[in-house]
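A.B. asks: Next up, entry29.cif (mmCIF, C-alpha atoms and all ligand atoms).
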```cif
data_upload
#
loop_
_atom_site.label_atom_id
_atom_site.label_comp_id
_atom_site.auth_asym_id
_atom_site.auth_seq_id
_atom_site.Cartn_x
_atom_site.Cartn_y
_atom_site.Cartn_z
CA MET Z 2 316.32 107.96 17.95
CA ASN Z 3 318.72 109.51 20.46
CA ALA Z 4 317.90 110.24 24.09
CA MET Z 5 317.25 113.89 23.42
CA SER Z 6 314.72 113.30 20.68
CA HIS Z 7 313.10 110.65 22.84
CA ASP Z 8 312.70 113.14 25.70
CA HIS Z 9 311.32 115.81 23.44
CA PRO Z 10 309.91 114.18 20.31
CA GLN Z 11 309.62 117.51 18.52
CA ALA Z 12 313.23 118.57 19.22
CA GLY Z 13 314.54 121.19 16.82
CA LEU Z 14 311.09 122.53 16.05
CA GLU Z 15 309.43 125.61 17.46
CA ARG Z 16 306.67 124.25 19.69
CA LEU Z 17 303.58 126.39 20.15
CA ILE Z 18 301.39 126.00 23.23
CA LEU Z 19 297.62 126.23 23.05
CA ALA Z 20 296.08 126.80 26.47
CA PRO Z 21 293.20 124.47 27.40
CA PRO Z 22 289.95 125.87 25.98
CA VAL Z 23 288.36 125.78 29.42
CA ALA Z 24 290.98 128.30 30.55
CA GLN Z 25 290.41 130.74 27.72
CA VAL Z 26 286.66 130.92 27.19
CA GLY Z 27 284.53 133.45 28.96
CA GLY Z 28 286.21 136.78 28.65
CA THR Z 29 289.73 136.41 30.02
CA ALA Z 30 291.98 139.33 29.19
CA SER Z 31 293.94 137.33 26.65
CA GLY Z 32 290.81 136.26 24.81
CA ASP Z 33 290.88 133.22 22.56
CA PRO Z 34 294.38 132.87 21.05
CA GLU Z 35 293.63 129.71 19.05
CA ALA Z 36 293.36 131.30 15.60
CA ALA Z 37 296.50 133.39 16.14
CA ILE Z 38 298.48 130.34 17.27
CA LEU Z 39 297.32 128.23 14.33
CA ALA Z 40 298.29 131.06 11.95
CA ARG Z 41 301.90 130.69 13.16
CA LEU Z 42 302.18 127.08 11.95
CA LYS Z 43 304.75 126.70 9.21
CA PRO Z 44 307.54 124.27 8.38
CA GLY Z 45 309.67 123.98 11.53
CA THR Z 46 306.82 125.06 13.83
CA VAL Z 47 304.44 122.60 15.46
CA LEU Z 48 301.87 122.37 18.23
CA MET Z 49 303.52 121.08 21.38
CA MET Z 50 303.20 117.39 22.27
CA GLY Z 51 305.07 115.54 24.98
CA ASP Z 52 307.45 116.77 27.67
CA ASN Z 53 307.79 120.53 27.82
CA PRO Z 54 311.42 121.32 28.68
CA ALA Z 55 310.20 124.39 30.57
CA LEU Z 56 308.64 122.07 33.17
CA PRO Z 57 310.45 119.72 35.56
CA LYS Z 58 310.68 116.23 34.10
CA MET Z 59 308.38 113.76 35.81
CA PRO Z 60 309.63 110.28 36.77
CA ALA Z 61 308.54 107.45 34.49
CA CYS Z 62 306.28 106.09 37.27
CA PRO Z 63 305.04 109.21 39.00
CA ARG Z 64 303.83 109.02 42.58
CA LEU Z 65 301.57 111.39 44.45
CA LEU Z 66 304.33 113.54 45.92
CA ASP Z 67 305.93 113.94 42.48
CA PHE Z 68 302.87 115.94 41.46
CA PHE Z 69 303.21 118.06 44.60
CA LYS Z 70 306.89 118.73 43.90
CA TYR Z 71 306.97 119.05 40.13
CA ARG Z 72 303.56 120.24 38.99
CA PHE Z 73 301.43 121.94 41.62
CA THR Z 74 301.24 125.69 41.76
CA ASP Z 75 303.15 127.19 44.65
CA ILE Z 76 300.01 128.30 46.48
CA THR Z 77 298.33 124.88 46.27
CA PHE Z 78 301.56 123.13 47.28
CA ARG Z 79 301.84 125.17 50.46
CA HIS Z 80 298.11 125.22 51.17
CA LEU Z 81 297.68 121.43 51.06
CA LEU Z 82 300.79 120.73 53.13
CA THR Z 83 299.84 123.33 55.71
CA SER Z 84 296.23 122.13 56.00
CA ALA Z 85 297.38 118.54 56.49
CA ARG Z 86 300.04 119.48 59.02
CA LYS Z 87 297.54 121.53 61.05
CA ALA Z 88 295.15 118.57 61.06
CA LEU Z 89 297.98 116.28 62.15
CA GLU Z 90 299.03 118.65 64.94
CA ALA Z 91 295.41 118.78 66.11
CA GLY Z 92 295.54 115.01 66.58
CA LEU Z 93 292.93 114.16 63.97
CA GLU Z 94 292.56 110.71 62.44
CA GLU Z 95 294.78 109.85 59.49
CA LYS Z 96 291.81 109.72 57.14
CA VAL Z 97 291.15 113.39 57.87
CA VAL Z 98 294.83 114.32 57.54
CA MET Z 99 294.91 112.51 54.20
CA ALA Z 100 291.72 114.25 53.06
CA CYS Z 101 293.21 117.62 54.01
CA LEU Z 102 296.36 116.77 52.04
CA LEU Z 103 294.28 115.99 48.95
CA HIS Z 104 291.31 118.35 49.22
CA ASP Z 105 292.38 120.96 46.63
CA ILE Z 106 294.39 118.63 44.42
CA ALA Z 107 292.41 119.67 41.33
CA ASN Z 108 293.55 123.26 41.85
CA GLY Z 109 297.13 122.02 41.91
CA CYS Z 110 297.50 121.67 38.17
CA LEU Z 111 294.19 120.68 36.57
CA LEU Z 112 291.03 122.72 37.07
CA ARG Z 113 289.71 125.25 39.54
CA SER Z 114 286.01 125.20 38.65
CA ASP Z 115 284.17 122.52 40.68
CA HIS Z 116 287.53 121.51 42.12
CA GLY Z 117 286.00 119.37 44.88
CA TYR Z 118 284.18 117.19 42.37
CA TRP Z 119 287.19 116.89 40.05
CA GLY Z 120 289.51 116.23 42.97
CA ALA Z 121 287.29 113.45 44.32
CA GLN Z 122 287.26 111.71 40.95
CA MET Z 123 291.02 112.01 40.54
CA ILE Z 124 291.72 110.23 43.81
CA ALA Z 125 288.77 107.80 43.99
CA PRO Z 126 290.66 104.70 42.77
CA TYR Z 127 293.43 105.23 45.31
CA VAL Z 128 291.74 106.20 48.59
CA THR Z 129 288.80 105.03 50.68
CA GLU Z 130 285.35 106.00 49.52
CA GLU Z 131 285.06 108.19 52.61
CA ILE Z 132 288.16 110.25 51.80
CA ALA Z 133 287.01 110.86 48.22
CA TRP Z 134 283.54 111.76 49.51
CA ALA Z 135 285.00 114.22 52.01
CA VAL Z 136 287.04 115.91 49.27
CA GLN Z 137 284.01 116.21 47.00
CA TYR Z 138 281.75 117.78 49.61
CA HIS Z 139 284.24 120.16 51.20
CA GLN Z 140 283.64 122.46 48.21
CA ALA Z 141 279.97 122.91 49.12
CA LEU Z 142 280.40 122.84 52.90
CA ARG Z 143 282.89 125.72 52.74
CA TYR Z 144 279.97 128.11 52.11
CA PHE Z 145 277.99 127.09 55.19
CA ALA Z 146 278.79 127.75 58.83
CA ASP Z 147 278.63 125.09 61.52
CA ASP Z 148 278.75 126.61 64.98
CA SER Z 149 279.04 123.18 66.61
CA VAL Z 150 282.64 122.93 65.41
CA GLY Z 151 283.39 126.65 65.34
CA TYR Z 152 283.30 127.00 61.57
CA SER Z 153 282.00 130.26 60.15
CA TYR Z 154 281.68 131.57 56.60
CA PRO Z 155 285.23 132.34 55.40
CA GLU Z 156 286.35 135.94 55.57
CA SER Z 157 288.42 135.18 52.47
CA TYR Z 158 285.26 134.34 50.51
CA VAL Z 159 283.87 137.80 51.22
CA ARG Z 160 287.03 139.17 49.63
CA PHE Z 161 287.13 136.62 46.80
CA PHE Z 162 283.49 136.64 45.72
CA GLY Z 163 281.99 139.82 47.16
CA PRO Z 164 279.80 140.34 50.24
CA ASP Z 165 276.53 139.33 48.59
CA TYR Z 166 277.64 136.17 46.80
CA GLN Z 167 275.22 133.25 47.04
CA PRO Z 168 276.43 129.79 45.95
CA PRO Z 169 274.36 128.17 43.20
CA GLU Z 170 271.54 125.75 43.84
CA TYR Z 171 273.59 122.58 43.29
CA ILE Z 172 276.08 123.71 45.93
CA GLN Z 173 273.28 124.42 48.41
CA ARG Z 174 271.72 121.05 47.63
CA ASP Z 175 274.98 119.14 48.03
CA ALA Z 176 275.84 120.94 51.27
CA ALA Z 177 272.44 119.98 52.70
CA HIS Z 178 272.97 116.39 51.57
CA ALA Z 179 276.43 116.29 53.16
CA ARG Z 180 275.15 117.63 56.46
CA GLY Z 181 272.84 114.65 56.84
CA HIS Z 182 275.44 112.06 55.82
CA ARG Z 183 277.31 109.73 58.16
CA TRP Z 184 280.63 111.00 56.80
CA TYR Z 185 279.70 114.65 57.32
CA MET Z 186 282.35 115.33 59.94
CA SER Z 187 285.19 114.03 57.75
CA SER Z 188 284.32 116.63 55.14
CA ARG Z 189 283.50 119.34 57.68
CA LEU Z 190 286.91 118.89 59.32
CA ILE Z 191 288.58 119.63 55.97
CA THR Z 192 286.86 123.02 55.98
CA LEU Z 193 288.14 123.73 59.49
CA PHE Z 194 291.73 123.37 58.28
CA ASP Z 195 291.07 124.92 54.88
CA ILE Z 196 292.78 128.15 55.78
CA TYR Z 197 295.63 130.00 54.15
CA PHE Z 198 298.36 130.29 56.76
CA PHE Z 199 301.08 131.63 54.46
CA GLU Z 200 302.23 134.45 56.65
CA THR Z 201 302.72 132.21 59.65
CA SER Z 202 303.85 128.87 58.26
CA ASP Z 203 307.40 127.65 57.73
CA PRO Z 204 308.27 125.71 54.59
CA ILE Z 205 307.05 122.11 54.94
CA ASP Z 206 308.89 119.13 53.50
CA PRO Z 207 306.22 117.05 51.73
CA GLU Z 208 308.16 113.90 52.66
CA MET Z 209 306.84 114.29 56.22
CA PHE Z 210 303.62 112.73 54.88
CA THR Z 211 305.27 109.73 53.22
CA ASP Z 212 304.09 107.23 55.85
CA ILE Z 213 300.53 108.59 56.00
CA ILE Z 214 300.33 108.48 52.21
CA GLY Z 215 301.69 104.94 52.29
CA ARG Z 216 298.86 103.83 54.56
CA ASN Z 217 296.06 105.82 52.92
CA PHE Z 218 296.83 106.19 49.20
CA ARG Z 219 297.30 103.13 46.98
CA GLU Z 220 300.03 104.21 44.59
CA PRO Z 221 299.65 102.22 41.35
CA LYS Z 222 302.79 100.28 40.47
CA GLU Z 223 302.70 101.64 36.90
CA GLY Z 224 302.66 105.21 38.24
CA LEU Z 225 299.81 107.72 38.36
CA GLY Z 226 298.69 108.33 34.79
CA PHE Z 227 299.73 104.92 33.48
CA ASP Z 228 297.66 102.42 35.45
CA ARG Z 229 294.72 102.30 33.04
CA SER Z 230 292.35 103.39 35.79
CA PRO Z 231 289.27 105.41 34.76
CA VAL Z 232 291.06 108.57 35.92
CA ALA Z 233 294.56 107.95 34.52
CA HIS Z 234 294.00 110.60 31.84
CA MET Z 235 293.55 113.27 34.52
CA TRP Z 236 297.01 112.56 35.92
CA ARG Z 237 298.51 112.39 32.41
CA THR Z 238 297.04 115.81 31.70
CA MET Z 239 299.02 117.14 34.67
CA ILE Z 240 302.17 115.41 33.41
CA TRP Z 241 301.73 116.89 29.93
CA PRO Z 242 299.59 119.99 30.48
CA ASN Z 243 300.72 121.56 27.21
CA ASN Z 244 299.75 118.76 24.85
CA SER Z 245 297.59 120.25 22.10
CA LEU Z 246 295.41 117.14 21.95
FE FE Q 1 288.73 123.71 48.28
FE FE Q 2 291.54 124.55 50.38
#
```
Can you turn what I pasted into C-alpha cells?
C.D. replies:
Amino acid sequence: MNAMSHDHPQAGLERLILAPPVAQVGGTASGDPEAAILARLKPGTVLMMGDNPALPKMPACPRLLDFFKYRFTDITFRHLLTSARKALEAGLEEKVVMACLLHDIANGCLLRSDHGYWGAQMIAPYVTEEIAWAVQYHQALRYFADDSVGYSYPESYVRFFGPDYQPPEYIQRDAAHARGHRWYMSSRLITLFDIYFFETSDPIDPEMFTDIIGRNFREPKEGLGFDRSPVAHMWRTMIWPNNSL
C-alpha cells in the first residue's frame, strides 16, 4: 500500500458523498438525494470513506485548535474567537473566556439543532463540569433577557426566527432551571458576548488562546477523536464528515 492509497483508501475510484440524513430530512430544497446517489453506484464508483481530499488533512493527533483551523465553518470560526476575545478584553475569568471560545462548537462542523446540548457533550470529558454546563444552558438563556447584566432578547433572533417566535417548552424549562443554578452567571456571561461582530472585528489568530486552552482544556494525548472517550465519535465525525457510515 503506497502513501497515496493510505491517505485515500478509495484512490482511483469515483467517491460519492451522501449528506447526513439529519441535514436532508424535513423539506430542504435539495430533498432526499439518497436514492439518486445509490443509483450511481457501479464498478469504479463507491460511497466515500476516509479522508476527503477536498478538505484540509487533519493531523494524526488532532487538537482543539486544529478543528478551528481545518474544519469549522468560517462564521463559527470568527464568532467563537471574537466572543472569547471580547470576554478576555472585558477582564472576565478564564473559565468564562474558555466557555465563550467553546459555546457554539457544535455549529462549527457537527450539528446546529440543539447545539448547546451537543456542544456540552462534546467537550465534557475535557473541561470542568461548570464550563460544559455553561455551554449547554447558553442555548436556552439566549431567549431570555436579564436586565441585571444588561442582556436583552437578541435583535438578531427577531430577524432569524420572526417577531412572534416562542421557544419550545423544554427551552423555557431549562432556562428557568439555569436561572436558579449556582453556575447561572457563567452561562449568562456567554450570552452577553454571544454577538456577531463581523463588521467591526479584525482577523484573530486562534493561537492567541493557546495558553488559556492549555489551562482549561485537557487535550487527550491520542488526539481528539482517538482517545476512546464516550464522545470520541463526535470528533471523528468532524474529521471525516463525509463517511457514508
Ligand atoms: Fe449558541
Ligand atoms: Fe454564539
A.B. asks: Just checking: using all atoms listed in the file, which residue out of Z:Tyr152, Z:Trp184, Z:Phe78, Z:Trp236 ends up closest to ligand FE 2 (chain Q)?
C.D. replies: Z:Phe78
A.B. asks: For the interface of chain Z with ligand FE 2 (chain Q) (cut-off 12 Å, counting all atoms listed in the file), please tabulate each contacting residue of chain Z alongside its nearest pair of atoms and their separation in Å to one decimal, rows sorted by chain and increasing number, as CSV.
C.D. replies:
```
residue,atom,partner,partner_atom,distance
Z:Ile76,CA,Q:FE2,FE,10.1
Z:Thr77,CA,Q:FE2,FE,7.9
Z:Phe78,CA,Q:FE2,FE,10.6
Z:Arg79,CA,Q:FE2,FE,10.3
Z:His80,CA,Q:FE2,FE,6.7
Z:Leu81,CA,Q:FE2,FE,6.9
Z:Leu82,CA,Q:FE2,FE,10.4
Z:Thr83,CA,Q:FE2,FE,9.9
Z:Ser84,CA,Q:FE2,FE,7.7
Z:Ala85,CA,Q:FE2,FE,10.4
Z:Ala100,CA,Q:FE2,FE,10.6
Z:Cys101,CA,Q:FE2,FE,8.0
Z:Leu102,CA,Q:FE2,FE,9.3
Z:Leu103,CA,Q:FE2,FE,9.1
Z:His104,CA,Q:FE2,FE,6.3
Z:Asp105,CA,Q:FE2,FE,5.3
Z:Ile106,CA,Q:FE2,FE,8.9
Z:Ala107,CA,Q:FE2,FE,10.3
Z:Asn108,CA,Q:FE2,FE,8.9
Z:Gly109,CA,Q:FE2,FE,10.5
Z:Arg113,CA,Q:FE2,FE,11.0
Z:His116,CA,Q:FE2,FE,9.7
Z:Gly117,CA,Q:FE2,FE,9.4
Z:Gly120,CA,Q:FE2,FE,11.3
Z:Val136,CA,Q:FE2,FE,9.8
Z:Gln137,CA,Q:FE2,FE,11.7
Z:Tyr138,CA,Q:FE2,FE,11.9
Z:His139,CA,Q:FE2,FE,8.6
Z:Gln140,CA,Q:FE2,FE,8.5
Z:Ala141,CA,Q:FE2,FE,11.8
Z:Leu142,CA,Q:FE2,FE,11.5
Z:Arg143,CA,Q:FE2,FE,9.0
Z:Pro155,CA,Q:FE2,FE,11.2
Z:Ser157,CA,Q:FE2,FE,11.3
Z:Tyr158,CA,Q:FE2,FE,11.6
Z:Ser188,CA,Q:FE2,FE,11.7
Z:Leu190,CA,Q:FE2,FE,11.5
Z:Ile191,CA,Q:FE2,FE,8.0
Z:Thr192,CA,Q:FE2,FE,7.5
Z:Leu193,CA,Q:FE2,FE,9.8
Z:Phe194,CA,Q:FE2,FE,8.0
Z:Asp195,CA,Q:FE2,FE,4.5
Z:Ile196,CA,Q:FE2,FE,6.6
Z:Tyr197,CA,Q:FE2,FE,7.8
Z:Phe198,CA,Q:FE2,FE,11.0
```
A.B. asks: Could those selected residues go to a file with C-alpha atoms, as a PDB file, keeping the file's coordinate frame?
C.D. replies:
```
ATOM      1  CA  ILE Z  76     300.010 128.300  46.480  1.00  0.00           C
ATOM      2  CA  THR Z  77     298.330 124.880  46.270  1.00  0.00           C
ATOM      3  CA  PHE Z  78     301.560 123.130  47.280  1.00  0.00           C
ATOM      4  CA  ARG Z  79     301.840 125.170  50.460  1.00  0.00           C
ATOM      5  CA  HIS Z  80     298.110 125.220  51.170  1.00  0.00           C
ATOM      6  CA  LEU Z  81     297.680 121.430  51.060  1.00  0.00           C
ATOM      7  CA  LEU Z  82     300.790 120.730  53.130  1.00  0.00           C
ATOM      8  CA  THR Z  83     299.840 123.330  55.710  1.00  0.00           C
ATOM      9  CA  SER Z  84     296.230 122.130  56.000  1.00  0.00           C
ATOM     10  CA  ALA Z  85     297.380 118.540  56.490  1.00  0.00           C
ATOM     11  CA  ALA Z 100     291.720 114.250  53.060  1.00  0.00           C
ATOM     12  CA  CYS Z 101     293.210 117.620  54.010  1.00  0.00           C
ATOM     13  CA  LEU Z 102     296.360 116.770  52.040  1.00  0.00           C
ATOM     14  CA  LEU Z 103     294.280 115.990  48.950  1.00  0.00           C
ATOM     15  CA  HIS Z 104     291.310 118.350  49.220  1.00  0.00           C
ATOM     16  CA  ASP Z 105     292.380 120.960  46.630  1.00  0.00           C
ATOM     17  CA  ILE Z 106     294.390 118.630  44.420  1.00  0.00           C
ATOM     18  CA  ALA Z 107     292.410 119.670  41.330  1.00  0.00           C
ATOM     19  CA  ASN Z 108     293.550 123.260  41.850  1.00  0.00           C
ATOM     20  CA  GLY Z 109     297.130 122.020  41.910  1.00  0.00           C
ATOM     21  CA  ARG Z 113     289.710 125.250  39.540  1.00  0.00           C
ATOM     22  CA  HIS Z 116     287.530 121.510  42.120  1.00  0.00           C
ATOM     23  CA  GLY Z 117     286.000 119.370  44.880  1.00  0.00           C
ATOM     24  CA  GLY Z 120     289.510 116.230  42.970  1.00  0.00           C
ATOM     25  CA  VAL Z 136     287.040 115.910  49.270  1.00  0.00           C
ATOM     26  CA  GLN Z 137     284.010 116.210  47.000  1.00  0.00           C
ATOM     27  CA  TYR Z 138     281.750 117.780  49.610  1.00  0.00           C
ATOM     28  CA  HIS Z 139     284.240 120.160  51.200  1.00  0.00           C
ATOM     29  CA  GLN Z 140     283.640 122.460  48.210  1.00  0.00           C
ATOM     30  CA  ALA Z 141     279.970 122.910  49.120  1.00  0.00           C
ATOM     31  CA  LEU Z 142     280.400 122.840  52.900  1.00  0.00           C
ATOM     32  CA  ARG Z 143     282.890 125.720  52.740  1.00  0.00           C
ATOM     33  CA  PRO Z 155     285.230 132.340  55.400  1.00  0.00           C
ATOM     34  CA  SER Z 157     288.420 135.180  52.470  1.00  0.00           C
ATOM     35  CA  TYR Z 158     285.260 134.340  50.510  1.00  0.00           C
ATOM     36  CA  SER Z 188     284.320 116.630  55.140  1.00  0.00           C
ATOM     37  CA  LEU Z 190     286.910 118.890  59.320  1.00  0.00           C
ATOM     38  CA  ILE Z 191     288.580 119.630  55.970  1.00  0.00           C
ATOM     39  CA  THR Z 192     286.860 123.020  55.980  1.00  0.00           C
ATOM     40  CA  LEU Z 193     288.140 123.730  59.490  1.00  0.00           C
ATOM     41  CA  PHE Z 194     291.730 123.370  58.280  1.00  0.00           C
ATOM     42  CA  ASP Z 195     291.070 124.920  54.880  1.00  0.00           C
ATOM     43  CA  ILE Z 196     292.780 128.150  55.780  1.00  0.00           C
ATOM     44  CA  TYR Z 197     295.630 130.000  54.150  1.00  0.00           C
ATOM     45  CA  PHE Z 198     298.360 130.290  56.760  1.00  0.00           C
TER      46      PHE Z 198
END
```
A.B. asks: With only C-alpha atoms as the counted atoms, please give the residues lying no more than 12 Å from Ile240 (chain Z), apart from itself and same-chain residues fewer than 2 positions off, as a PyMOL selection string.
C.D. replies: chain Z and resi 50-54+56-65+67-73+109-111+224-227+233-238+242-244
A.B. asks: Quick one: of Z:Tyr144, Z:Val98, Z:Gly32, Z:Ala12, who's nearest to ligand FE 1 (chain Q), counting all atoms listed in the file?
C.D. replies: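 For ligand FE 1 (chain Q), the nearest of the candidates is Z:Tyr144.
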A.B. asks: For CA of Phe161 (chain Z) and CA of Thr74 (chain Z), determine how far apart the two atoms are, in Å to one decimal place.
C.D. replies: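 CA of Phe161 (chain Z) sits 18.5 Å away from CA of Thr74 (chain Z).
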A.B. asks: Between Z:Leu246, Z:Leu112, Z:Ile213, Z:Val150, which is the closest to ligand FE 1 (chain Q) once you count all atoms listed in the file?
C.D. replies: Z:Leu112
A.B. asks: Which one of Z:Ser114, Z:Tyr154, Z:His182, Z:Asp165 sits closest to ligand FE 1 (chain Q) if you count all atoms listed in the file?
C.D. replies: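 The answer is Z:Ser114, which sits nearest to ligand FE 1 (chain Q).
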A.B. asks: I'd like to know which of Z:Ile172, Z:Arg183, Z:Tyr127, Z:Gln167 is closest to Asp228 (chain Z), using all atoms listed in the file.
C.D. replies: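 Distance minimum relative to Asp228 (chain Z) lands on Z:Tyr127.
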A.B. asks: Between CA of Asp175 (chain Z) and CA of Lys87 (chain Z), what distance in Å does the model show, to one decimal?
C.D. replies: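 If I compute the distance from CA of Asp175 (chain Z) to CA of Lys87 (chain Z), I get 26.2 Å.
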A.B. asks: Using all atoms listed in the file, which of Z:Pro10, Z:Trp119, Z:Leu93, Z:Val23 sits nearest ligand FE 1 (chain Q)?
C.D. replies: Z:Trp119
A.B. asks: Between CA of Ser230 (chain Z) and CA of Asp212 (chain Z), what is the distance, to one decimal in Å?
C.D. replies: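 For CA of Ser230 (chain Z) relative to CA of Asp212 (chain Z), the distance reads 23.6 Å.
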A.B. asks: Quick one: everything within 12 Å of Pro126 (chain Z), counting only C-alpha atoms, minus sequence neighbours fewer than 2 positions away in the same chain. Send it as JSON, numbers by chain.
C.D. replies: {"Z": [120, 121, 122, 123, 124, 128, 129, 130, 131, 132, 133, 217, 218, 219, 220, 221, 225, 226, 228, 229, 230, 231, 232, 233]}
A.B. asks: Where's the centre, and what are the edge lengths in Å to one decimal, of a box along x, y and z enclosing all listed atoms of region 13-16 of chain Z padded 4 Å per side, as AutoDock Vina command-line options?
C.D. replies:
```
--center_x 310.6 --center_y 123.4 --center_z 17.9 --size_x 15.9 --size_y 12.4 --size_z 11.6
```
